[in-house]
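Enquirer: This is input.txt, which holds compact mmCIF, C-alpha atoms:
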# COMPACT_ATOMS: atom_id res chain seq x y z
CA MET A 323 -39.11 -13.41 17.99
CA GLY A 324 -37.77 -15.12 21.08
CA LEU A 325 -38.63 -18.65 19.95
CA ALA A 326 -36.01 -21.31 20.55
CA PRO A 327 -34.42 -22.67 17.38
CA SER A 328 -35.63 -25.99 16.06
CA ALA A 329 -32.22 -27.64 16.36
CA SER A 330 -30.96 -28.66 19.78
CA ALA A 331 -28.07 -26.88 21.46
CA ALA A 332 -25.88 -29.90 20.88
CA ASP A 333 -26.75 -29.92 17.17
CA VAL A 334 -26.03 -26.23 16.62
CA GLN A 335 -23.05 -25.88 18.91
CA SER A 336 -21.47 -29.04 17.52
CA GLN A 337 -21.29 -27.18 14.22
CA GLN A 338 -19.24 -24.42 15.84
CA TRP A 339 -16.05 -26.29 15.02
CA TYR A 340 -13.88 -23.22 15.40
CA LEU A 341 -14.55 -23.02 19.15
CA SER A 342 -12.66 -26.24 19.76
CA ALA A 343 -10.11 -25.40 17.06
CA MET A 344 -9.35 -22.10 18.78
CA LYS A 345 -9.48 -23.79 22.24
CA ALA A 346 -12.21 -21.48 23.45
CA ASP A 347 -12.66 -23.42 26.70
CA GLU A 348 -9.07 -22.64 27.63
CA MET A 349 -9.42 -18.98 26.67
CA TRP A 350 -12.60 -18.60 28.72
CA LYS A 351 -10.64 -19.51 31.85
CA VAL A 352 -8.74 -16.26 31.30
CA SER A 353 -11.25 -14.01 29.53
CA THR A 354 -14.86 -14.11 28.35
CA GLY A 355 -15.02 -10.58 26.96
CA LYS A 356 -16.57 -9.13 30.11
CA GLY A 357 -16.58 -5.34 30.20
CA VAL A 358 -16.18 -4.90 26.44
CA LYS A 359 -18.93 -3.48 24.23
CA VAL A 360 -19.06 -4.36 20.54
CA ALA A 361 -21.16 -2.33 18.12
CA VAL A 362 -22.71 -4.51 15.43
CA VAL A 363 -23.46 -2.33 12.40
CA ASP A 364 -25.61 -4.56 10.25
CA THR A 365 -29.21 -5.46 9.42
CA GLY A 366 -30.29 -4.95 13.02
CA VAL A 367 -30.02 -7.28 16.02
CA ASN A 368 -32.92 -9.17 17.59
CA PRO A 369 -32.27 -9.00 21.35
CA GLU A 370 -34.90 -11.64 22.12
CA THR A 371 -33.26 -14.75 20.71
CA PRO A 372 -32.43 -17.19 23.53
CA SER A 373 -28.71 -16.70 23.01
CA LEU A 374 -28.88 -12.89 23.08
CA LYS A 375 -31.25 -12.25 25.98
CA GLY A 376 -29.45 -9.87 28.32
CA GLN A 377 -26.60 -9.40 25.87
CA VAL A 378 -27.89 -6.49 23.78
CA LEU A 379 -27.64 -2.98 25.23
CA VAL A 380 -30.69 -1.53 23.51
CA ASP A 381 -30.82 1.58 25.69
CA GLU A 382 -27.31 2.60 24.68
CA VAL A 383 -28.13 3.18 21.03
CA PRO A 384 -28.36 6.95 20.33
CA LYS A 385 -31.88 7.82 19.21
CA ALA A 386 -30.65 9.69 16.15
CA ALA A 387 -28.90 6.56 14.83
CA GLY A 388 -31.11 3.88 16.33
CA TYR A 389 -34.02 3.53 13.92
CA LYS A 390 -35.31 -0.07 14.27
CA ALA A 391 -31.93 -1.21 15.56
CA THR A 392 -33.57 -4.22 17.20
CA GLU A 393 -35.57 -5.28 14.13
CA ASP A 394 -33.38 -7.50 11.97
CA TYR A 395 -34.83 -7.71 8.48
CA VAL A 396 -32.89 -10.78 7.29
CA GLY A 397 -31.30 -12.36 10.38
CA HIS A 398 -27.74 -11.48 9.41
CA GLY A 399 -26.97 -8.93 12.11
CA THR A 400 -28.42 -11.18 14.81
CA SER A 401 -26.20 -14.02 13.61
CA MET A 402 -23.12 -11.82 13.82
CA ALA A 403 -24.08 -10.69 17.32
CA GLU A 404 -24.48 -14.30 18.45
CA LEU A 405 -21.15 -15.31 16.94
CA ILE A 406 -19.55 -12.54 18.99
CA ALA A 407 -21.43 -12.62 22.30
CA GLY A 408 -24.11 -15.30 22.26
CA THR A 409 -24.57 -17.19 25.53
CA GLY A 410 -25.60 -20.43 23.85
CA ALA A 411 -28.80 -20.54 25.90
CA GLY A 412 -31.87 -22.29 24.55
CA GLY A 413 -30.13 -24.03 21.70
CA GLY A 414 -28.51 -20.91 20.27
CA LEU A 415 -25.04 -20.10 19.10
CA LYS A 416 -22.25 -19.78 21.65
CA GLY A 417 -20.28 -16.61 21.09
CA LEU A 418 -16.51 -16.58 21.18
CA ALA A 419 -16.72 -13.73 23.72
CA PRO A 420 -19.88 -14.76 25.63
CA ASN A 421 -19.67 -12.05 28.28
CA ALA A 422 -19.11 -9.15 25.91
CA LYS A 423 -22.11 -6.93 25.22
CA ILE A 424 -23.64 -5.92 21.89
CA VAL A 425 -24.79 -2.43 20.90
CA PRO A 426 -26.98 -2.84 17.78
CA TYR A 427 -27.25 -0.59 14.72
CA ARG A 428 -29.30 -1.09 11.57
CA ILE A 429 -28.31 0.40 8.24
CA ALA A 430 -29.67 -0.14 4.74
CA LEU A 431 -28.06 -3.28 3.35
CA LYS A 432 -29.05 -5.87 0.80
CA GLY A 433 -32.30 -7.47 1.88
CA LEU A 434 -34.01 -4.26 2.95
CA ASP A 435 -36.52 -3.97 0.13
CA SER A 436 -38.84 -1.22 1.31
CA LYS A 437 -38.00 2.19 -0.17
CA VAL A 438 -39.52 3.80 2.90
CA GLU A 439 -37.35 1.76 5.24
CA ILE A 440 -34.27 2.45 3.16
CA ALA A 441 -34.98 6.17 3.35
CA LYS A 442 -35.41 6.03 7.12
CA ALA A 443 -32.35 3.90 7.79
CA PRO A 444 -29.52 5.77 9.54
CA ASP A 445 -26.65 6.83 7.32
CA GLU A 446 -23.58 4.59 7.58
CA ALA A 447 -21.23 7.50 8.27
CA ALA A 448 -23.54 8.94 10.91
CA VAL A 449 -23.73 5.58 12.66
CA ILE A 450 -19.94 5.24 12.77
CA ARG A 451 -19.62 8.74 14.21
CA ALA A 452 -22.27 8.00 16.84
CA ILE A 453 -20.37 4.90 17.91
CA ALA A 454 -17.13 6.87 17.97
CA ASP A 455 -18.69 9.22 20.52
CA SER A 456 -19.78 6.34 22.77
CA ASP A 457 -17.86 4.02 25.12
CA VAL A 458 -18.04 1.11 22.69
CA LYS A 459 -14.56 -0.28 22.07
CA ILE A 460 -15.02 -2.42 18.94
CA ILE A 461 -17.03 -1.85 15.76
CA ASN A 462 -18.00 -4.91 13.70
CA MET A 463 -18.96 -4.27 10.07
CA SER A 464 -19.82 -7.54 8.34
CA PHE A 465 -20.77 -5.93 5.05
CA GLY A 466 -19.12 -4.27 2.11
CA GLY A 467 -19.28 -2.70 -1.31
CA ASN A 468 -16.89 -1.53 -3.99
CA VAL A 469 -17.38 2.23 -3.63
CA ASP A 470 -15.23 4.54 -1.54
CA PHE A 471 -17.54 7.14 0.02
CA PRO A 472 -15.68 10.21 1.38
CA ASP A 473 -18.12 10.69 4.25
CA VAL A 474 -17.67 7.12 5.45
CA ARG A 475 -13.90 7.36 5.06
CA ALA A 476 -13.94 10.52 7.21
CA ALA A 477 -16.17 8.85 9.81
CA VAL A 478 -13.80 5.89 10.05
CA LYS A 479 -10.88 8.24 10.57
CA TYR A 480 -12.83 9.99 13.31
CA ALA A 481 -13.64 6.68 15.02
CA HIS A 482 -9.96 5.78 14.94
CA SER A 483 -9.09 9.10 16.55
CA LYS A 484 -11.51 8.16 19.33
CA GLY A 485 -9.67 4.92 20.01
CA LYS A 486 -12.08 2.48 18.38
CA LEU A 487 -10.96 -0.83 16.88
CA MET A 488 -12.82 -1.60 13.64
CA PHE A 489 -13.19 -4.91 11.82
CA ALA A 490 -14.86 -5.48 8.44
CA SER A 491 -15.37 -8.42 6.11
CA ALA A 492 -13.02 -8.56 3.12
CA GLY A 493 -15.80 -9.66 0.76
CA ASN A 494 -17.00 -12.87 -0.92
CA ASP A 495 -16.71 -12.25 -4.67
CA ALA A 496 -13.18 -13.48 -5.38
CA GLU A 497 -14.47 -16.16 -7.74
CA VAL A 498 -16.47 -13.63 -9.77
CA LYS A 499 -14.67 -10.29 -9.51
CA ASN A 500 -12.14 -9.57 -6.83
CA PHE A 501 -13.07 -5.93 -6.30
CA ILE A 502 -11.64 -3.72 -3.57
CA GLY A 503 -14.09 -3.90 -0.69
CA TYR A 504 -15.09 -1.06 1.60
CA PRO A 505 -15.21 -0.45 4.56
CA ALA A 506 -12.52 -3.14 4.90
CA ALA A 507 -10.20 -1.18 2.60
CA TYR A 508 -10.39 2.09 4.53
CA PRO A 509 -7.35 3.07 6.59
CA TYR A 510 -7.72 2.02 10.24
CA VAL A 511 -10.22 -0.73 9.43
CA VAL A 512 -8.99 -4.31 9.83
CA GLY A 513 -9.96 -6.28 6.74
CA VAL A 514 -10.70 -9.92 7.60
CA ALA A 515 -10.51 -12.86 5.21
CA ALA A 516 -12.15 -16.28 5.68
CA SER A 517 -10.04 -19.39 6.24
CA ASP A 518 -10.71 -23.11 5.98
CA GLU A 519 -9.58 -26.16 7.95
CA SER A 520 -5.92 -25.80 6.98
CA GLY A 521 -5.80 -22.05 7.39
CA THR A 522 -6.13 -21.54 3.63
CA ALA A 523 -8.24 -18.68 2.31
CA GLY A 524 -11.68 -19.71 1.11
CA THR A 525 -11.95 -19.56 -2.67
CA PHE A 526 -14.65 -16.89 -2.34
CA SER A 527 -12.66 -14.71 0.07
CA GLU A 528 -11.53 -11.52 -1.61
CA HIS A 529 -7.87 -10.64 -1.51
CA GLY A 530 -5.64 -7.62 -1.77
CA ASN A 531 -3.37 -5.46 0.33
CA TYR A 532 -6.33 -4.39 2.46
CA VAL A 533 -6.64 -7.90 3.97
CA ASP A 534 -5.02 -7.70 7.39
CA LEU A 535 -6.03 -10.88 9.23
CA ALA A 536 -7.91 -14.11 8.62
CA ALA A 537 -10.41 -15.94 10.83
CA PRO A 538 -12.67 -18.99 10.53
CA GLY A 539 -15.46 -18.36 8.08
CA LEU A 540 -16.52 -21.62 6.46
CA ASP A 541 -19.44 -23.94 7.24
CA MET A 542 -20.65 -22.07 10.26
CA PRO A 543 -24.24 -21.92 11.55
CA ALA A 544 -26.27 -18.72 11.27
CA TRP A 545 -29.96 -17.85 11.36
CA CYS A 546 -31.73 -18.91 8.16
CA ASP A 547 -33.93 -15.80 8.03
CA ASN A 548 -35.71 -13.21 10.11
CA THR A 549 -38.24 -15.69 11.54
CA PHE A 550 -35.49 -16.90 13.91
CA ARG A 551 -36.85 -20.45 13.95
CA SER A 552 -33.84 -22.36 12.68
CA TYR A 553 -30.17 -22.12 11.83
CA CYS A 554 -28.63 -22.85 8.44
CA GLY A 555 -25.06 -23.53 7.42
CA GLY A 556 -23.20 -20.74 5.69
CA SER A 557 -19.77 -19.43 4.78
CA GLY A 558 -18.43 -15.94 4.33
CA THR A 559 -16.11 -13.22 5.47
CA SER A 560 -19.00 -11.79 7.48
CA MET A 561 -18.47 -14.61 9.95
CA SER A 562 -14.72 -14.04 9.90
CA ALA A 563 -15.11 -10.39 10.84
CA ALA A 564 -17.36 -11.35 13.75
CA ILE A 565 -14.84 -13.91 15.02
CA ALA A 566 -12.07 -11.30 14.76
CA SER A 567 -14.17 -8.79 16.71
CA ALA A 568 -14.86 -11.39 19.39
CA SER A 569 -11.15 -12.25 19.55
CA ALA A 570 -10.33 -8.60 20.15
CA ALA A 571 -12.99 -8.45 22.87
CA LEU A 572 -11.35 -11.38 24.69
CA VAL A 573 -7.95 -9.69 24.59
CA TRP A 574 -9.25 -6.24 25.54
CA SER A 575 -11.19 -7.68 28.47
CA ALA A 576 -8.04 -9.32 29.79
CA HIS A 577 -6.04 -6.11 29.26
CA PRO A 578 -8.51 -3.24 29.81
CA ASP A 579 -5.73 -0.65 29.96
CA TRP A 580 -4.48 -1.42 26.46
CA THR A 581 -5.29 0.83 23.52
CA ALA A 582 -6.87 -0.31 20.27
CA ASN A 583 -3.40 -0.23 18.71
CA GLN A 584 -2.05 -2.57 21.37
CA VAL A 585 -4.93 -5.02 21.10
CA LEU A 586 -4.54 -5.18 17.33
CA ALA A 587 -0.75 -5.39 17.52
CA SER A 588 -0.99 -8.38 19.87
CA LEU A 589 -3.34 -10.18 17.47
CA ILE A 590 -1.02 -9.47 14.54
CA ASP A 591 2.08 -10.56 16.46
CA THR A 592 0.54 -13.91 17.42
CA ALA A 593 -1.29 -14.67 14.17
CA GLY A 594 -0.53 -18.06 12.64
CA ARG A 595 1.53 -17.80 9.45
CA ASP A 596 4.37 -19.52 7.63
CA TRP A 597 5.72 -16.38 5.97
CA ALA A 598 7.67 -13.40 7.23
CA LYS A 599 5.68 -10.95 9.30
CA ASP A 600 7.04 -8.04 7.26
CA ASP A 601 5.69 -9.58 4.04
CA PRO A 602 1.93 -10.05 4.65
CA SER A 603 -0.10 -12.20 2.30
CA THR A 604 -2.70 -10.64 0.04
CA TYR A 605 -4.96 -13.57 0.90
CA LEU A 606 -4.58 -13.85 4.68
CA GLY A 607 -2.79 -10.66 5.66
CA TYR A 608 -0.66 -11.21 8.76
CA GLY A 609 -2.16 -14.63 9.32
CA LEU A 610 -4.84 -16.59 11.13
CA ILE A 611 -6.09 -14.90 14.28
CA ARG A 612 -5.17 -16.73 17.52
CA PRO A 613 -6.22 -14.79 20.63
CA ARG A 614 -5.26 -17.71 22.86
CA MET A 615 -1.61 -17.01 22.12
CA VAL A 616 -2.06 -13.59 23.73
CA LEU A 617 -4.24 -14.69 26.64
CA GLU A 618 -1.96 -17.50 27.75
CA GLN A 619 0.84 -14.99 28.33
CA SER A 620 -0.20 -12.91 31.33
CA ASN A 621 2.84 -10.68 30.88
CA PHE A 622 2.40 -10.21 27.13
CA ASN A 623 4.25 -7.08 26.10
CA PRO A 624 2.35 -5.22 23.38
CA ALA A 625 3.64 -2.44 21.17
CA GLY A 626 3.48 1.17 22.28
CA ALA A 627 0.07 2.60 23.00
CA ASP A 628 0.32 5.06 20.11
CA THR A 629 2.08 2.76 17.63
CA ASP A 630 -0.18 1.94 14.69
CA PRO A 631 0.39 -1.75 13.79
CA LEU A 632 -0.97 -1.07 10.30
CA ALA A 633 1.01 2.12 9.74
CA ARG A 634 2.52 0.85 6.49
CA GLU A 635 -0.83 -0.14 5.01
CA ASN A 636 -2.53 3.01 6.20
CA ALA A 637 0.19 5.18 4.70
CA THR A 638 0.36 3.30 1.38
CA GLY A 639 -3.35 3.03 0.85
CA VAL A 640 -5.20 0.28 -0.93
CA THR A 641 -4.09 -0.96 -4.34
CA ASP A 642 -5.59 -3.40 -6.80
CA GLU A 643 -4.04 -6.64 -8.02
CA ALA A 644 -1.88 -4.72 -10.49
CA GLY A 645 -0.58 -2.41 -7.79
CA ASN A 646 -2.68 0.54 -8.94
CA SER A 647 -4.65 2.81 -6.65
CA PRO A 648 -8.43 2.56 -7.18
CA SER A 649 -8.47 5.87 -9.01
CA ALA A 650 -5.72 4.86 -11.42
CA PRO A 651 -6.51 2.94 -14.63
CA ALA A 652 -5.73 -0.77 -14.46
CA SER A 653 -2.66 -1.63 -16.49
CA SER A 654 -2.20 -5.29 -15.70
CA SER A 655 -4.17 -8.38 -14.77
CA SER A 656 -1.24 -10.09 -13.10
CA PRO A 657 -1.87 -11.99 -9.84
CA PRO A 658 -1.30 -10.39 -6.45
CA SER A 659 2.40 -9.84 -5.84
CA LYS A 660 2.34 -11.27 -2.32
CA ALA A 661 0.20 -14.34 -2.93
CA LYS A 662 1.66 -17.55 -1.54
CA SER A 663 1.28 -21.17 -2.64
CA GLY A 664 -0.28 -20.43 -6.01
CA GLY A 665 -2.98 -18.18 -4.64
CA GLN A 666 -4.01 -20.33 -1.66
CA THR A 667 -2.02 -19.24 1.37
CA SER A 668 -1.42 -21.56 4.29
CA ALA A 669 -1.83 -20.02 7.73
CA ALA A 670 -0.29 -22.85 9.69
CA ALA A 671 1.17 -21.80 13.01
CA SER A 672 4.69 -20.45 12.86
CA THR A 673 5.64 -22.62 15.84
CA SER A 674 5.35 -26.36 16.37
CA ASP A 675 1.92 -25.86 17.93
CA THR A 676 -0.51 -25.99 15.01
CA SER A 677 -3.59 -26.77 17.05
CA ASP A 678 -5.13 -23.39 16.31
CA ASN A 679 -5.64 -24.22 12.65
CA THR A 680 -9.31 -24.29 11.75
CA THR A 681 -10.96 -27.62 11.05
CA MET A 682 -13.61 -27.47 8.36
CA TRP A 683 -14.09 -27.39 4.64
CA ILE A 684 -15.33 -25.11 1.89
CA ALA A 685 -19.00 -25.29 1.01
CA LEU A 686 -19.38 -26.01 -2.70
CA GLY A 687 -22.16 -26.49 -5.22
CA ALA A 688 -25.62 -25.44 -4.10
CA ALA A 689 -24.32 -24.36 -0.72
CA ALA A 690 -22.36 -21.60 -2.41
CA ALA A 691 -25.58 -19.61 -2.57
CA VAL A 692 -25.32 -18.89 1.13
CA LEU A 693 -21.97 -17.19 0.77
CA VAL A 694 -23.75 -13.90 0.18
CA ILE A 695 -27.21 -14.51 1.58
CA GLY A 696 -26.41 -16.42 4.74
CA GLY A 697 -22.98 -15.35 5.73
CA GLY A 698 -21.60 -12.96 3.22
CA ALA A 699 -20.72 -9.34 2.95
CA PHE A 700 -23.78 -7.28 2.02
CA ALA A 701 -23.64 -4.47 -0.48
CA VAL A 702 -24.56 -1.13 1.03
CA LEU A 703 -27.66 0.48 -0.46
CA ARG A 704 -26.93 4.11 -1.22
CA SER A 705 -30.17 5.02 -3.01
CA ARG A 706 -30.31 8.35 -1.15
CA ARG A 707 -26.89 9.39 -2.34
CA ALA A 708 -25.45 10.15 -5.78
CA THR A 709 -22.76 7.65 -6.74
Do you think you could lay out the structure here as structure tokens?
Expert:
Amino acid sequence: MGLAPSASAADVQSQQWYLSAMKADEMWKVSTGKGVKVAVVDTGVNPETPSLKGQVLVDEVPKAAGYKATEDYVGHGTSMAELIAGTGAGGGLKGLAPNAKIVPYRIALKGLDSKVEIAKAPDEAAVIRAIADSDVKIINMSFGGNVDFPDVRAAVKYAHSKGKLMFASAGNDAEVKNFIGYPAAYPYVVGVAASDESGTAGTFSEHGNYVDLAAPGLDMPAWCDNTFRSYCGGSGTSMSAAIASASAALVWSAHPDWTANQVLASLIDTAGRDWAKDDPSTYLGYGLIRPRMVLEQSNFNPAGADTDPLARENATGVTDEAGNSPSAPASSSSPPSKAKSGGQTSAAASTSDTSDNTTMWIALGAAAAVLVIGGGAFAVLRSRRAT
């Protein structure tokens, strides 16, 4: 499983357009994510890929929640881990926070076909609670479904009380059915949308008042499958969540005394947008994530340590496009009330410096198949639980 990918480092890393767009080289002079642990809750993480050797803290996974955490059954979790903390060695992906460390967890997601393996997979809520009780700072959840499970909601609340910062993909079904996606829609979880070269939401990227930030998520390399022999191009909010988690790791590494609230507040304050901060977009939330804008200010003054930057959203709760709560019957099919520019919201920088805008395009046609398989949000399998 440690074979080098077939493409050269130059080939793969040249496809990581967002690194130059976000000016990663400049950020790495200030912070590389050192000292920050990111839990990747996914399909498992292969610690033996060239880019992840030495990056995955296998021994720090609690035994009760660590079943086959290092056996990735589709390649998705390993891709997310590399996007966050890959070293780029041996022709692999270069992570946005290359000195952060990954703590892997495997849950039952789409692609796990064995009923035995599904039954043995750790429960999602139990995994989140285990992470909450560890010294991990950031939880990346590049998956989602349209069901609100009370046990997971309670676990998320517990993780928040333990000072964890949680990111989740908004979902990739906007062109089919723009359902409310969990865990992104839970209070205290940062829902991340995918943006294109101009900072516009990808047409597949789900929208709603649970979208808090946007990050690059189109035409990005990821492992093709669990053979780990080659990378394929893909698009999805899974990638966006990973980039957001890595961005938070960069900021937290530079400011280790900050709380999760302060790290998130700094990313919200500096997000690229051309709308009022107090009127977030349903497509891109508070805007396109730009950690460089925080890192380049050594004396950046964040909000108070106990001030929740998403207090309004967490108090209001998630609503659908008609403004109804999920439990209320839909009464309207009107478009989102805060959508900008006819449903495609620009996330251009609010200052004259627009160099942080992303620089790629939306994958169309046959490539759309990878939105779910290669880079998308996976539906959680809950076969052991009544729904």
Enquirer: Please, which residues are within 9 Å of (-20.4, -0.4, 19.0) by the file's coordinates, counting only C-alpha atoms, and could they come as a ChimeraX atom specification?
Expert: /A:359-363,383,424-427,450,452-454,456-462,486
Enquirer: Please write the residues from the selection above to a file, keeping C-alpha atoms, as a PDB file, in the coordinates of the input.
Expert:
ATOM      1  CA  LYS A 359     -18.930  -3.480  24.230  1.00  0.00           C
ATOM      2  CA  VAL A 360     -19.060  -4.360  20.540  1.00  0.00           C
ATOM      3  CA  ALA A 361     -21.160  -2.330  18.120  1.00  0.00           C
ATOM      4  CA  VAL A 362     -22.710  -4.510  15.430  1.00  0.00           C
ATOM      5  CA  VAL A 363     -23.460  -2.330  12.400  1.00  0.00           C
ATOM      6  CA  VAL A 383     -28.130   3.180  21.030  1.00  0.00           C
ATOM      7  CA  ILE A 424     -23.640  -5.920  21.890  1.00  0.00           C
ATOM      8  CA  VAL A 425     -24.790  -2.430  20.900  1.00  0.00           C
ATOM      9  CA  PRO A 426     -26.980  -2.840  17.780  1.00  0.00           C
ATOM     10  CA  TYR A 427     -27.250  -0.590  14.720  1.00  0.00           C
ATOM     11  CA  ILE A 450     -19.940   5.240  12.770  1.00  0.00           C
ATOM     12  CA  ALA A 452     -22.270   8.000  16.840  1.00  0.00           C
ATOM     13  CA  ILE A 453     -20.370   4.900  17.910  1.00  0.00           C
ATOM     14  CA  ALA A 454     -17.130   6.870  17.970  1.00  0.00           C
ATOM     15  CA  SER A 456     -19.780   6.340  22.770  1.00  0.00           C
ATOM     16  CA  ASP A 457     -17.860   4.020  25.120  1.00  0.00           C
ATOM     17  CA  VAL A 458     -18.040   1.110  22.690  1.00  0.00           C
ATOM     18  CA  LYS A 459     -14.560  -0.280  22.070  1.00  0.00           C
ATOM     19  CA  ILE A 460     -15.020  -2.420  18.940  1.00  0.00           C
ATOM     20  CA  ILE A 461     -17.030  -1.850  15.760  1.00  0.00           C
ATOM     21  CA  ASN A 462     -18.000  -4.910  13.700  1.00  0.00           C
ATOM     22  CA  LYS A 486     -12.080   2.480  18.380  1.00  0.00           C
TER      23      LYS A 486
END
Enquirer: Could you make a table, as JSON lines, of the residues of segment 589-636 of chain A that have an atom within 10 Å of an atom of segment 336-357 of chain A, each with its nearest atom pair and distance in Å to one decimal, counting all atoms listed in the file, in chain and number order?
Expert:
{"residue": "A:Ile611", "atom": "CA", "partner": "A:Met344", "partner_atom": "CA", "distance": 9.1}
{"residue": "A:Arg612", "atom": "CA", "partner": "A:Met344", "partner_atom": "CA", "distance": 6.9}
{"residue": "A:Pro613", "atom": "CA", "partner": "A:Met349", "partner_atom": "CA", "distance": 8.0}
{"residue": "A:Arg614", "atom": "CA", "partner": "A:Met349", "partner_atom": "CA", "distance": 5.8}
{"residue": "A:Met615", "atom": "CA", "partner": "A:Met349", "partner_atom": "CA", "distance": 9.3}
{"residue": "A:Val616", "atom": "CA", "partner": "A:Met349", "partner_atom": "CA", "distance": 9.6}
{"residue": "A:Leu617", "atom": "CA", "partner": "A:Val352", "partner_atom": "CA", "distance": 6.7}
{"residue": "A:Glu618", "atom": "CA", "partner": "A:Met349", "partner_atom": "CA", "distance": 7.7}
{"residue": "A:Ser620", "atom": "CA", "partner": "A:Val352", "partner_atom": "CA", "distance": 9.2}
Enquirer: Need the shell around Ala476 of chain A: protein/DNA/RNA residues with any atom at most 10 Å away, counting only C-alpha atoms. Skip same-chain ones fewer than 2 positions apart. Format as a ChimeraX atom specification?
Expert: /A:447,450-451,471-474,478-482,508-509
Enquirer: Separation of atom CA of Gly376 of chain A and atom CA of Ala403 of chain A, in Å?
Expert: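 These atoms are spaced 12.3 Å apart.
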Enquirer: A:Gly493, A:Gly556, A:Gly521, A:Gly412: which is nearest Ala593 of chain A, counting only C-alpha atoms?
Expert: A:Gly521
Enquirer: Pick the closest to Glu519 of chain A from A:Ala537, A:Ala419, A:Ile406, A:Gly413: which is it, counting only C-alpha atoms?
Expert: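 The shortest atom-to-atom distance to Glu519 of chain A comes from A:Ala537.
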